[in-house]
Amino acid sequence: MHTHIGEDSRVSKPTVDSAQTIISFVKEKGLDGIAITEHYTKDYGRHIRDIVEREFNGEILIIAGWEVERRAIEYVELDLPGGGNFRFVVHPGCPYHPSIYIAEDLEGMHGIEIHNHLHEYQIKKELVQVAVEEYGLITLQNSDAHRLEDIGRFFNEIDLVDLRQQAGL
């Protein structure tokens, strides 16, 4: 639910070949799909999603999203199939975002990472638990993949119905 695959490919607009490569990596990891969450743009994820649906008959699920900053946190916003968004705090408590538990920062959030392959040892897990209890967030474990090889290092087994429910949709 947290990957930056466009960074690895170094192309701004994906192709059928790049979509096929992503499908292969995702299936090799035994996953049903991924969320593509580039920094500050949903375009790459939307292009891959459209190619996978059009050229590969939706062989895997691609959820488009983006990673953005808001005040003291960074978060991912996913465009869920069927409409609506699911938002979650990423790499919480890392040194550059140490204070994540201000109510206005967590307003509109539905989840929070408790495991993140790229920042695993920086996440303040005890503070995540406080946010979970105080704000009703679900915990997520994500790869934060910046390379195709890192897809699935951490992953979630979660149904889209559950994501939509948590988001109040």
# chains A, B, ... in the order shown; residues from 1 in each chain; ligands from 1
>>> residues_around(residues="region 122-124 of chain A", least_positions_apart="6", cutoff="7 Å", atoms="only C-alpha atoms", output="PyMOL selection string")
chain A and resi 91-94+114
>>> residues_around(residues="Val89 (chain A)", least_positions_apart="2", cutoff="12 Å", atoms="only C-alpha atoms", output="PyMOL selection string")
chain A and resi 1-2+66-78+86-87+91-94+97+99-101+105-116+123+128+131-132+137-142
>>> residues_around(residues="Gly65 (chain A)", least_positions_apart="6", cutoff="12 Å", atoms="only C-alpha atoms", output="count of residues only")
33
>>> atom_distance(atom1="CA of Asn156 (chain A)", atom2="CA of Asp32 (chain A)")
10.6 Å
>>> select_by_dssp(residues="region 50-81 of chain A", states="helix (DSSP H, G or I)", output="VMD selection string")
chain A and resid 50 to 55
>>> write_last_selection(atoms="all heavy atoms", output="mmCIF file, in the first residue's frame")
data_model
loop_
_atom_site.group_PDB
_atom_site.id
_atom_site.type_symbol
_atom_site.label_atom_id
_atom_site.label_comp_id
_atom_site.auth_asym_id
_atom_site.auth_seq_id
_atom_site.Cartn_x
_atom_site.Cartn_y
_atom_site.Cartn_z
ATOM 1 N N ASP A 50 -4.482 2.086 -15.431
ATOM 2 C CA ASP A 50 -5.211 2.068 -16.705
ATOM 3 C C ASP A 50 -4.619 1.054 -17.676
ATOM 4 O O ASP A 50 -5.352 0.341 -18.361
ATOM 5 C CB ASP A 50 -5.226 3.467 -17.325
ATOM 6 C CG ASP A 50 -6.036 4.462 -16.507
ATOM 7 O OD1 ASP A 50 -6.796 4.033 -15.598
ATOM 8 O OD2 ASP A 50 -5.897 5.674 -16.756
ATOM 9 N N ILE A 51 -3.286 0.977 -17.746
ATOM 10 C CA ILE A 51 -2.640 0.009 -18.641
ATOM 11 C C ILE A 51 -2.955 -1.418 -18.199
ATOM 12 O O ILE A 51 -3.287 -2.272 -19.025
ATOM 13 C CB ILE A 51 -1.109 0.240 -18.697
ATOM 14 C CG1 ILE A 51 -0.791 1.562 -19.399
ATOM 15 C CG2 ILE A 51 -0.413 -0.929 -19.408
ATOM 16 C CD1 ILE A 51 0.667 1.989 -19.286
ATOM 17 N N VAL A 52 -2.870 -1.681 -16.896
ATOM 18 C CA VAL A 52 -3.136 -3.035 -16.392
ATOM 19 C C VAL A 52 -4.582 -3.431 -16.674
ATOM 20 O O VAL A 52 -4.855 -4.568 -17.071
ATOM 21 C CB VAL A 52 -2.791 -3.141 -14.885
ATOM 22 C CG1 VAL A 52 -3.316 -4.439 -14.292
ATOM 23 C CG2 VAL A 52 -1.286 -3.032 -14.681
ATOM 24 N N GLU A 53 -5.511 -2.513 -16.489
ATOM 25 C CA GLU A 53 -6.917 -2.825 -16.760
ATOM 26 C C GLU A 53 -7.164 -3.036 -18.256
ATOM 27 O O GLU A 53 -7.854 -3.971 -18.656
ATOM 28 C CB GLU A 53 -7.817 -1.710 -16.222
ATOM 29 C CG GLU A 53 -7.894 -1.700 -14.708
ATOM 30 C CD GLU A 53 -8.669 -0.525 -14.141
ATOM 31 O OE1 GLU A 53 -9.194 0.312 -14.919
ATOM 32 O OE2 GLU A 53 -8.750 -0.435 -12.901
ATOM 33 N N ARG A 54 -6.576 -2.185 -19.073
ATOM 34 C CA ARG A 54 -6.839 -2.212 -20.523
ATOM 35 C C ARG A 54 -6.069 -3.336 -21.235
ATOM 36 O O ARG A 54 -6.633 -4.084 -22.023
ATOM 37 C CB ARG A 54 -6.458 -0.854 -21.121
ATOM 38 C CG ARG A 54 -6.745 -0.708 -22.607
ATOM 39 C CD ARG A 54 -6.358 0.662 -23.142
ATOM 40 N NE ARG A 54 -4.923 0.889 -23.040
ATOM 41 C CZ ARG A 54 -4.349 1.803 -22.250
ATOM 42 N NH1 ARG A 54 -5.074 2.595 -21.494
ATOM 43 N NH2 ARG A 54 -3.032 1.935 -22.215
ATOM 44 N N GLU A 55 -4.784 -3.463 -20.944
ATOM 45 C CA GLU A 55 -3.922 -4.385 -21.686
ATOM 46 C C GLU A 55 -3.781 -5.767 -21.044
ATOM 47 O O GLU A 55 -3.419 -6.724 -21.712
ATOM 48 C CB GLU A 55 -2.520 -3.777 -21.865
ATOM 49 C CG GLU A 55 -2.503 -2.438 -22.577
ATOM 50 C CD GLU A 55 -2.892 -2.531 -24.040
ATOM 51 O OE1 GLU A 55 -2.643 -3.574 -24.665
ATOM 52 O OE2 GLU A 55 -3.464 -1.539 -24.551
#
>>> closest_residue(among="A:Gly82, A:Glu59, A:Ser143, A:Glu133", to="Val161 (chain A)", atoms="only C-alpha atoms")
A:Gly82
>>> select_by_dssp(residues="chain A", states="strand (DSSP E)", output="ChimeraX atom specification")
/A:33-39,61-70,73-79,85-89,111-116,138-142
>>> residues_around(residues="Lys27 (chain A)", least_positions_apart="6", cutoff="12 Å", atoms="only C-alpha atoms", output="PDB file with all heavy atoms, in the first residue's frame")
ATOM      1  N   GLN A  20       3.959  -4.584 -17.434  1.00  0.00           N
ATOM      2  CA  GLN A  20       4.206  -6.028 -17.400  1.00  0.00           C
ATOM      3  C   GLN A  20       5.279  -6.376 -16.366  1.00  0.00           C
ATOM      4  O   GLN A  20       5.156  -7.357 -15.648  1.00  0.00           O
ATOM      5  CB  GLN A  20       4.635  -6.538 -18.781  1.00  0.00           C
ATOM      6  CG  GLN A  20       4.985  -8.025 -18.802  1.00  0.00           C
ATOM      7  CD  GLN A  20       3.809  -8.907 -18.423  1.00  0.00           C
ATOM      8  OE1 GLN A  20       2.796  -8.889 -19.091  1.00  0.00           O
ATOM      9  NE2 GLN A  20       3.950  -9.668 -17.361  1.00  0.00           N
ATOM     10  N   THR A  21       6.309  -5.554 -16.286  1.00  0.00           N
ATOM     11  CA  THR A  21       7.368  -5.777 -15.296  1.00  0.00           C
ATOM     12  C   THR A  21       6.810  -5.677 -13.876  1.00  0.00           C
ATOM     13  O   THR A  21       7.113  -6.511 -13.020  1.00  0.00           O
ATOM     14  CB  THR A  21       8.516  -4.765 -15.501  1.00  0.00           C
ATOM     15  OG1 THR A  21       9.041  -4.924 -16.819  1.00  0.00           O
ATOM     16  CG2 THR A  21       9.619  -4.953 -14.475  1.00  0.00           C
ATOM     17  N   GLY A  33      -2.061  -7.356  -5.577  1.00  0.00           N
ATOM     18  CA  GLY A  33      -1.958  -6.022  -6.135  1.00  0.00           C
ATOM     19  C   GLY A  33      -1.109  -5.125  -5.257  1.00  0.00           C
ATOM     20  O   GLY A  33      -0.598  -5.562  -4.221  1.00  0.00           O
ATOM     21  N   ILE A  34      -0.963  -3.884  -5.714  1.00  0.00           N
ATOM     22  CA  ILE A  34      -0.199  -2.897  -4.951  1.00  0.00           C
ATOM     23  C   ILE A  34      -0.851  -1.530  -5.104  1.00  0.00           C
ATOM     24  O   ILE A  34      -1.646  -1.297  -6.010  1.00  0.00           O
ATOM     25  CB  ILE A  34       1.275  -2.787  -5.404  1.00  0.00           C
ATOM     26  CG1 ILE A  34       1.373  -2.368  -6.885  1.00  0.00           C
ATOM     27  CG2 ILE A  34       2.040  -4.051  -5.131  1.00  0.00           C
ATOM     28  CD1 ILE A  34       2.790  -2.005  -7.331  1.00  0.00           C
ATOM     29  N   GLU A  59      -5.201  -7.996 -14.387  1.00  0.00           N
ATOM     30  CA  GLU A  59      -4.537  -9.184 -13.838  1.00  0.00           C
ATOM     31  C   GLU A  59      -4.175  -9.034 -12.357  1.00  0.00           C
ATOM     32  O   GLU A  59      -4.215  -9.989 -11.593  1.00  0.00           O
ATOM     33  CB  GLU A  59      -3.279  -9.462 -14.668  1.00  0.00           C
ATOM     34  CG  GLU A  59      -2.721 -10.829 -14.490  1.00  0.00           C
ATOM     35  CD  GLU A  59      -1.656 -11.142 -15.529  1.00  0.00           C
ATOM     36  OE1 GLU A  59      -1.738 -10.665 -16.678  1.00  0.00           O
ATOM     37  OE2 GLU A  59      -0.726 -11.885 -15.164  1.00  0.00           O
ATOM     38  N   ILE A  60      -3.786  -7.832 -11.964  1.00  0.00           N
ATOM     39  CA  ILE A  60      -3.556  -7.519 -10.548  1.00  0.00           C
ATOM     40  C   ILE A  60      -4.280  -6.211 -10.250  1.00  0.00           C
ATOM     41  O   ILE A  60      -4.616  -5.451 -11.147  1.00  0.00           O
ATOM     42  CB  ILE A  60      -2.049  -7.381 -10.192  1.00  0.00           C
ATOM     43  CG1 ILE A  60      -1.419  -6.223 -10.978  1.00  0.00           C
ATOM     44  CG2 ILE A  60      -1.316  -8.698 -10.402  1.00  0.00           C
ATOM     45  CD1 ILE A  60      -0.020  -5.854 -10.512  1.00  0.00           C
ATOM     46  N   LEU A  61      -4.510  -5.964  -8.984  1.00  0.00           N
ATOM     47  CA  LEU A  61      -5.152  -4.718  -8.559  1.00  0.00           C
ATOM     48  C   LEU A  61      -4.081  -3.638  -8.419  1.00  0.00           C
ATOM     49  O   LEU A  61      -3.061  -3.849  -7.745  1.00  0.00           O
ATOM     50  CB  LEU A  61      -5.855  -4.919  -7.219  1.00  0.00           C
ATOM     51  CG  LEU A  61      -6.476  -3.669  -6.594  1.00  0.00           C
ATOM     52  CD1 LEU A  61      -7.620  -3.144  -7.458  1.00  0.00           C
ATOM     53  CD2 LEU A  61      -6.960  -3.981  -5.192  1.00  0.00           C
ATOM     54  N   LEU A 148      11.685  -1.981  -7.444  1.00  0.00           N
ATOM     55  CA  LEU A 148      10.787  -3.114  -7.668  1.00  0.00           C
ATOM     56  C   LEU A 148      11.104  -4.292  -6.751  1.00  0.00           C
ATOM     57  O   LEU A 148      10.205  -4.971  -6.261  1.00  0.00           O
ATOM     58  CB  LEU A 148      10.862  -3.558  -9.134  1.00  0.00           C
ATOM     59  CG  LEU A 148      10.178  -2.641 -10.138  1.00  0.00           C
ATOM     60  CD1 LEU A 148      10.568  -3.018 -11.561  1.00  0.00           C
ATOM     61  CD2 LEU A 148       8.674  -2.694  -9.969  1.00  0.00           C
ATOM     62  N   ILE A 151       9.245  -4.503  -3.342  1.00  0.00           N
ATOM     63  CA  ILE A 151       7.798  -4.726  -3.226  1.00  0.00           C
ATOM     64  C   ILE A 151       7.559  -5.944  -2.347  1.00  0.00           C
ATOM     65  O   ILE A 151       8.187  -6.981  -2.512  1.00  0.00           O
ATOM     66  CB  ILE A 151       7.166  -4.961  -4.615  1.00  0.00           C
ATOM     67  CG1 ILE A 151       7.185  -3.679  -5.434  1.00  0.00           C
ATOM     68  CG2 ILE A 151       5.726  -5.474  -4.477  1.00  0.00           C
ATOM     69  CD1 ILE A 151       6.724  -3.874  -6.871  1.00  0.00           C
ATOM     70  N   GLY A 152       6.663  -5.801  -1.391  1.00  0.00           N
ATOM     71  CA  GLY A 152       6.257  -6.925  -0.563  1.00  0.00           C
ATOM     72  C   GLY A 152       7.159  -7.252   0.602  1.00  0.00           C
ATOM     73  O   GLY A 152       6.957  -8.255   1.275  1.00  0.00           O
TER      74      GLY A 152
END
